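Chemist: Contents of my_file-v8.cif (mmCIF, C-alpha atoms):
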```
data_structure
loop_
_atom_site.group_PDB
_atom_site.id
_atom_site.type_symbol
_atom_site.label_atom_id
_atom_site.label_comp_id
_atom_site.auth_asym_id
_atom_site.auth_seq_id
_atom_site.Cartn_x
_atom_site.Cartn_y
_atom_site.Cartn_z
ATOM 1 C CA MET A 1 -11.558 -11.797 0.885
ATOM 2 C CA VAL A 2 -8.295 -9.847 0.639
ATOM 3 C CA LYS A 3 -8.375 -6.511 2.482
ATOM 4 C CA ILE A 4 -6.456 -3.596 0.957
ATOM 5 C CA LEU A 5 -5.829 -0.274 2.699
ATOM 6 C CA CYS A 6 -5.307 2.530 0.144
ATOM 7 C CA VAL A 7 -3.572 5.694 1.334
ATOM 8 C CA ASP A 8 -3.458 8.858 -0.798
ATOM 9 C CA ASP A 9 -4.129 12.535 -0.098
ATOM 10 C CA ASP A 10 -5.949 12.972 -3.445
ATOM 11 C CA PRO A 11 -9.608 12.094 -2.699
ATOM 12 C CA GLU A 12 -10.521 11.707 -6.382
ATOM 13 C CA PHE A 13 -7.619 9.338 -7.069
ATOM 14 C CA LEU A 14 -8.436 7.427 -3.892
ATOM 15 C CA ARG A 15 -12.082 7.018 -4.938
ATOM 16 C CA ILE A 16 -11.134 5.791 -8.423
ATOM 17 C CA LEU A 17 -8.502 3.410 -7.051
ATOM 18 C CA GLY A 18 -10.954 2.051 -4.484
ATOM 19 C CA ARG A 19 -13.618 1.403 -7.095
ATOM 20 C CA MET A 20 -11.105 -0.281 -9.407
ATOM 21 C CA LEU A 21 -9.967 -2.621 -6.613
ATOM 22 C CA GLU A 22 -13.525 -3.398 -5.488
ATOM 23 C CA GLU A 23 -14.429 -4.362 -9.064
ATOM 24 C CA LYS A 24 -11.529 -6.840 -8.931
ATOM 25 C CA GLY A 25 -13.043 -8.382 -5.780
ATOM 26 C CA TYR A 26 -10.931 -6.830 -3.037
ATOM 27 C CA GLU A 27 -12.314 -5.435 0.225
ATOM 28 C CA VAL A 28 -11.081 -1.839 0.194
ATOM 29 C CA TYR A 29 -10.440 0.693 2.959
ATOM 30 C CA LEU A 30 -9.500 4.302 2.170
ATOM 31 C CA ALA A 31 -7.325 6.723 4.146
ATOM 32 C CA GLU A 32 -6.587 10.297 3.011
ATOM 33 C CA SER A 33 -3.452 10.681 5.168
ATOM 34 C CA GLY A 34 -0.636 8.725 6.704
ATOM 35 C CA LYS A 35 -1.989 9.509 10.174
ATOM 36 C CA LYS A 36 -5.421 8.117 9.266
ATOM 37 C CA ALA A 37 -3.764 5.035 7.752
ATOM 38 C CA LEU A 38 -1.914 4.349 11.014
ATOM 39 C CA GLU A 39 -5.206 4.588 12.931
ATOM 40 C CA MET A 40 -6.982 2.298 10.462
ATOM 41 C CA LEU A 41 -4.151 -0.238 10.477
ATOM 42 C CA LYS A 42 -5.110 -1.270 14.009
ATOM 43 C CA GLU A 43 -8.833 -1.558 13.207
ATOM 44 C CA VAL A 44 -8.714 -3.142 9.755
ATOM 45 C CA SER A 45 -5.660 -5.453 9.813
ATOM 46 C CA PRO A 46 -5.261 -5.282 6.020
ATOM 47 C CA ASP A 47 -3.572 -7.931 3.903
ATOM 48 C CA LEU A 48 -1.901 -5.228 1.791
ATOM 49 C CA ILE A 49 -1.318 -1.465 1.879
ATOM 50 C CA LEU A 50 -1.131 0.769 -1.215
ATOM 51 C CA LEU A 51 0.686 3.915 -0.121
ATOM 52 C CA ASP A 52 1.317 7.231 -1.887
ATOM 53 C CA ILE A 53 4.670 8.896 -1.212
ATOM 54 C CA MET A 54 3.876 12.593 -1.653
ATOM 55 C CA MET A 55 1.459 13.508 1.136
ATOM 56 C CA PRO A 56 1.356 16.415 3.619
ATOM 57 C CA GLU A 57 2.152 15.875 7.321
ATOM 58 C CA LEU A 58 3.435 12.290 7.130
ATOM 59 C CA ASP A 59 4.749 11.471 3.681
ATOM 60 C CA GLY A 60 4.629 7.889 2.426
ATOM 61 C CA TRP A 61 8.135 7.027 3.571
ATOM 62 C CA GLU A 62 7.462 8.363 7.093
ATOM 63 C CA THR A 63 4.145 6.515 7.152
ATOM 64 C CA LEU A 64 5.857 3.317 6.020
ATOM 65 C CA ARG A 65 8.499 3.696 8.728
ATOM 66 C CA GLU A 66 5.737 4.137 11.342
ATOM 67 C CA ILE A 67 3.871 1.091 9.991
ATOM 68 C CA LYS A 68 7.011 -1.032 10.295
ATOM 69 C CA ASN A 69 7.696 0.401 13.787
ATOM 70 C CA THR A 70 4.360 -1.044 14.955
ATOM 71 C CA GLY A 71 5.732 -4.487 14.138
ATOM 72 C CA SER A 72 3.368 -4.865 11.200
ATOM 73 C CA THR A 73 4.390 -7.393 8.559
ATOM 74 C CA THR A 74 1.679 -6.206 6.161
ATOM 75 C CA PRO A 75 3.185 -5.862 2.681
ATOM 76 C CA VAL A 76 3.276 -2.343 1.227
ATOM 77 C CA ILE A 77 3.237 -1.194 -2.386
ATOM 78 C CA MET A 78 4.282 2.411 -2.945
ATOM 79 C CA LEU A 79 2.241 4.304 -5.576
ATOM 80 C CA THR A 80 3.925 7.435 -6.812
ATOM 81 C CA ILE A 81 4.926 9.798 -9.571
ATOM 82 C CA MET A 82 8.398 9.709 -7.965
ATOM 83 C CA TYR A 83 9.917 6.881 -9.964
ATOM 84 C CA ALA A 84 13.630 7.711 -10.093
ATOM 85 C CA ILE A 85 15.997 4.921 -9.062
ATOM 86 C CA GLU A 86 16.782 6.820 -5.840
ATOM 87 C CA ASP A 87 13.072 7.002 -4.956
ATOM 88 C CA ARG A 88 12.587 3.272 -5.522
ATOM 89 C CA GLU A 89 15.676 2.503 -3.454
ATOM 90 C CA LYS A 90 14.437 4.740 -0.646
ATOM 91 C CA SER A 91 11.075 2.930 -0.696
ATOM 92 C CA PHE A 92 12.779 -0.457 -0.415
ATOM 93 C CA GLU A 93 15.112 0.810 2.321
ATOM 94 C CA HIS A 94 12.026 1.812 4.317
ATOM 95 C CA GLY A 95 10.526 -1.673 3.879
ATOM 96 C CA ALA A 96 8.279 -1.426 0.819
ATOM 97 C CA ASP A 97 7.604 -4.634 -1.102
ATOM 98 C CA ALA A 98 7.024 -2.979 -4.490
ATOM 99 C CA HIS A 99 6.915 0.398 -6.205
ATOM 100 C CA VAL A 100 4.274 1.230 -8.871
ATOM 101 C CA PRO A 101 4.372 4.469 -10.901
ATOM 102 C CA LYS A 102 1.525 6.910 -11.358
ATOM 103 C CA PRO A 103 -0.436 7.275 -13.492
ATOM 104 C CA ILE A 104 -1.561 3.780 -12.571
ATOM 105 C CA ARG A 105 -1.852 1.182 -15.289
ATOM 106 C CA LYS A 106 -4.479 -1.320 -14.137
ATOM 107 C CA MET A 107 -2.804 -4.467 -15.406
ATOM 108 C CA GLN A 108 0.554 -3.504 -13.911
ATOM 109 C CA LEU A 109 -1.076 -2.696 -10.566
ATOM 110 C CA PHE A 110 -3.070 -5.948 -10.442
ATOM 111 C CA LYS A 111 -0.046 -8.052 -11.411
ATOM 112 C CA THR A 112 2.039 -6.333 -8.746
ATOM 113 C CA ILE A 113 -0.683 -6.838 -6.109
ATOM 114 C CA GLU A 114 -0.983 -10.534 -6.999
ATOM 115 C CA TRP A 115 2.808 -10.979 -6.916
ATOM 116 C CA VAL A 116 3.217 -9.218 -3.564
ATOM 117 C CA LEU A 117 0.331 -11.125 -1.957
ATOM 118 C CA LYS A 118 1.719 -14.421 -3.238
ATOM 119 C CA ASN A 119 5.272 -13.685 -2.127
ATOM 120 C CA SER A 120 4.845 -11.808 1.149
ATOM 121 C CA THR A 121 6.105 -13.564 4.255
ATOM 122 C CA ARG A 122 2.915 -12.728 6.140
ATOM 123 C CA ARG A 123 0.763 -14.613 3.633
ATOM 124 C CA HIS A 124 3.078 -17.615 3.748
ATOM 125 C CA SER A 125 3.119 -17.700 7.547
ATOM 126 C CA VAL A 126 -0.688 -17.537 7.651
ATOM 127 C CA ALA A 127 -1.032 -20.224 4.963
ATOM 128 C CA ASN A 128 1.417 -22.562 6.717
ATOM 129 C CA HIS A 129 -0.436 -22.667 10.044
#
```
Using the file provided, produce a representation of the structure as structure tokens.
Modeler:
Amino acid sequence: MVKILCVDDDPEFLRILGRMLEEKGYEVYLAESGKKALEMLKEVSPDLILLDIMMPELDGWETLREIKNTGSTTPVIMLTIMYAIEDREKSFEHGADAHVPKPIRKMQLFKTIEWVLKNSTRRHSVANH
């Protein structure tokens, strides 16, 4: 079963997102901050991370930079209301694999998740061994 770590400082959004992903058959882990996500990353070893950009303390870009600094190859999809070209470019510069706008459209999110999981280097390296 694919494990997804969802990171967002909005508990209601996080709960709804988690339920939506569980209904699709994913094993879901929830973190309400970038700091909590970094702690959970070690314990959970997710196959994918869904990461909000606008969060207090560590924003999504800082969290993503810290994730990559651990050596993690886990693919990351940024979820955000910040959807200007500059924001998308900044996400990709920090190592994100995709960028999905809020409010979330289920079909777009699921297609993006499937694409990222299929095309991430981590999945290919696991599948090839």
Chemist: As an exercise, work out the distance from atom CA of Tyr26 of chain A to atom CA of Met1 of chain A in Å and give it to one decimal place.
Modeler: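 We find that atom CA of Tyr26 of chain A and atom CA of Met1 of chain A lie 6.4 Å from each other.
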Chemist: So what does the PyMOL selection byres ((chain A and resi 20) around 12) actually pick up in this one, as a ChimeraX atom specification?
Modeler: /A:4,6,13-19,21-28,104-107,109-110
Chemist: Which residues would end up in the selection if the PyMOL selection byres ((chain A and resi 47-57) around 9) were applied here, given that I need the answer as a PyMOL selection string?
Modeler: chain A and resi 2-10+32-35+45-46+58-64+74-82+91+113+116-117+122-123
Chemist: Save out the residues we just selected, C-alpha atoms, as a PDB file, in the frame of the given file.
Modeler:
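Contents of the output file out.pdb:
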```
ATOM      1  CA  VAL A   2      -8.295  -9.847   0.639  1.00  0.00           C
ATOM      2  CA  LYS A   3      -8.375  -6.511   2.482  1.00  0.00           C
ATOM      3  CA  ILE A   4      -6.456  -3.596   0.957  1.00  0.00           C
ATOM      4  CA  LEU A   5      -5.829  -0.274   2.699  1.00  0.00           C
ATOM      5  CA  CYS A   6      -5.307   2.530   0.144  1.00  0.00           C
ATOM      6  CA  VAL A   7      -3.572   5.694   1.334  1.00  0.00           C
ATOM      7  CA  ASP A   8      -3.458   8.858  -0.798  1.00  0.00           C
ATOM      8  CA  ASP A   9      -4.129  12.535  -0.098  1.00  0.00           C
ATOM      9  CA  ASP A  10      -5.949  12.972  -3.445  1.00  0.00           C
ATOM     10  CA  GLU A  32      -6.587  10.297   3.011  1.00  0.00           C
ATOM     11  CA  SER A  33      -3.452  10.681   5.168  1.00  0.00           C
ATOM     12  CA  GLY A  34      -0.636   8.725   6.704  1.00  0.00           C
ATOM     13  CA  LYS A  35      -1.989   9.509  10.174  1.00  0.00           C
ATOM     14  CA  SER A  45      -5.660  -5.453   9.813  1.00  0.00           C
ATOM     15  CA  PRO A  46      -5.261  -5.282   6.020  1.00  0.00           C
ATOM     16  CA  LEU A  58       3.435  12.290   7.130  1.00  0.00           C
ATOM     17  CA  ASP A  59       4.749  11.471   3.681  1.00  0.00           C
ATOM     18  CA  GLY A  60       4.629   7.889   2.426  1.00  0.00           C
ATOM     19  CA  TRP A  61       8.135   7.027   3.571  1.00  0.00           C
ATOM     20  CA  GLU A  62       7.462   8.363   7.093  1.00  0.00           C
ATOM     21  CA  THR A  63       4.145   6.515   7.152  1.00  0.00           C
ATOM     22  CA  LEU A  64       5.857   3.317   6.020  1.00  0.00           C
ATOM     23  CA  THR A  74       1.679  -6.206   6.161  1.00  0.00           C
ATOM     24  CA  PRO A  75       3.185  -5.862   2.681  1.00  0.00           C
ATOM     25  CA  VAL A  76       3.276  -2.343   1.227  1.00  0.00           C
ATOM     26  CA  ILE A  77       3.237  -1.194  -2.386  1.00  0.00           C
ATOM     27  CA  MET A  78       4.282   2.411  -2.945  1.00  0.00           C
ATOM     28  CA  LEU A  79       2.241   4.304  -5.576  1.00  0.00           C
ATOM     29  CA  THR A  80       3.925   7.435  -6.812  1.00  0.00           C
ATOM     30  CA  ILE A  81       4.926   9.798  -9.571  1.00  0.00           C
ATOM     31  CA  MET A  82       8.398   9.709  -7.965  1.00  0.00           C
ATOM     32  CA  SER A  91      11.075   2.930  -0.696  1.00  0.00           C
ATOM     33  CA  ILE A 113      -0.683  -6.838  -6.109  1.00  0.00           C
ATOM     34  CA  VAL A 116       3.217  -9.218  -3.564  1.00  0.00           C
ATOM     35  CA  LEU A 117       0.331 -11.125  -1.957  1.00  0.00           C
ATOM     36  CA  ARG A 122       2.915 -12.728   6.140  1.00  0.00           C
ATOM     37  CA  ARG A 123       0.763 -14.613   3.633  1.00  0.00           C
TER      38      ARG A 123
END
```
Chemist: What does the distance between atom CA of Ala98 of chain A and atom CA of Trp115 of chain A come to in Å, to one decimal place?
Modeler: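 Interatomic distance, atom CA of Ala98 of chain A to atom CA of Trp115 of chain A: 9.4 Å.
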Chemist: In Å to one decimal, how far is atom CA of Pro11 of chain A from atom CA of Lys90 of chain A?
Modeler: 25.2 Å
Chemist: Kindly indicate which residue among A:Glu66, A:Asp97, A:Glu114, A:Glu86 lies nearest to Ala37 of chain A, using all atoms listed in the file for the distances.
Modeler: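 Ranked by minimum distance to Ala37 of chain A, first place goes to A:Glu66.
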Chemist: Considering all atoms listed in the file, state which residue in the set A:Lys42, A:Tyr29, A:Thr112, A:Gly71 is at the smallest distance from Gly95 of chain A.
Modeler: A:Gly71
Chemist: Which one of A:Val100, A:Val44, A:Leu38, A:Ala31 sits closest to Arg65 of chain A if you count only C-alpha atoms?
Modeler: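 Ranking A:Val100, A:Val44, A:Leu38, A:Ala31 by distance to Arg65 of chain A, first place goes to A:Leu38.
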Chemist: Hey, which of A:Tyr83, A:Lys118, A:Lys111, A:Ser72 ends up closest to His99 of chain A? Count all atoms listed in the file.
Modeler: A:Tyr83
Chemist: Listed atoms of segment 34-44 of chain A, axis-aligned box, 6 Å per side: centre and edge lengths to one decimal in Å, as AutoDock Vina command-line options?
Modeler:
```
--center_x -4.7 --center_y 3.2 --center_z 10.4 --size_x 20.2 --size_y 24.7 --size_z 19.3
```
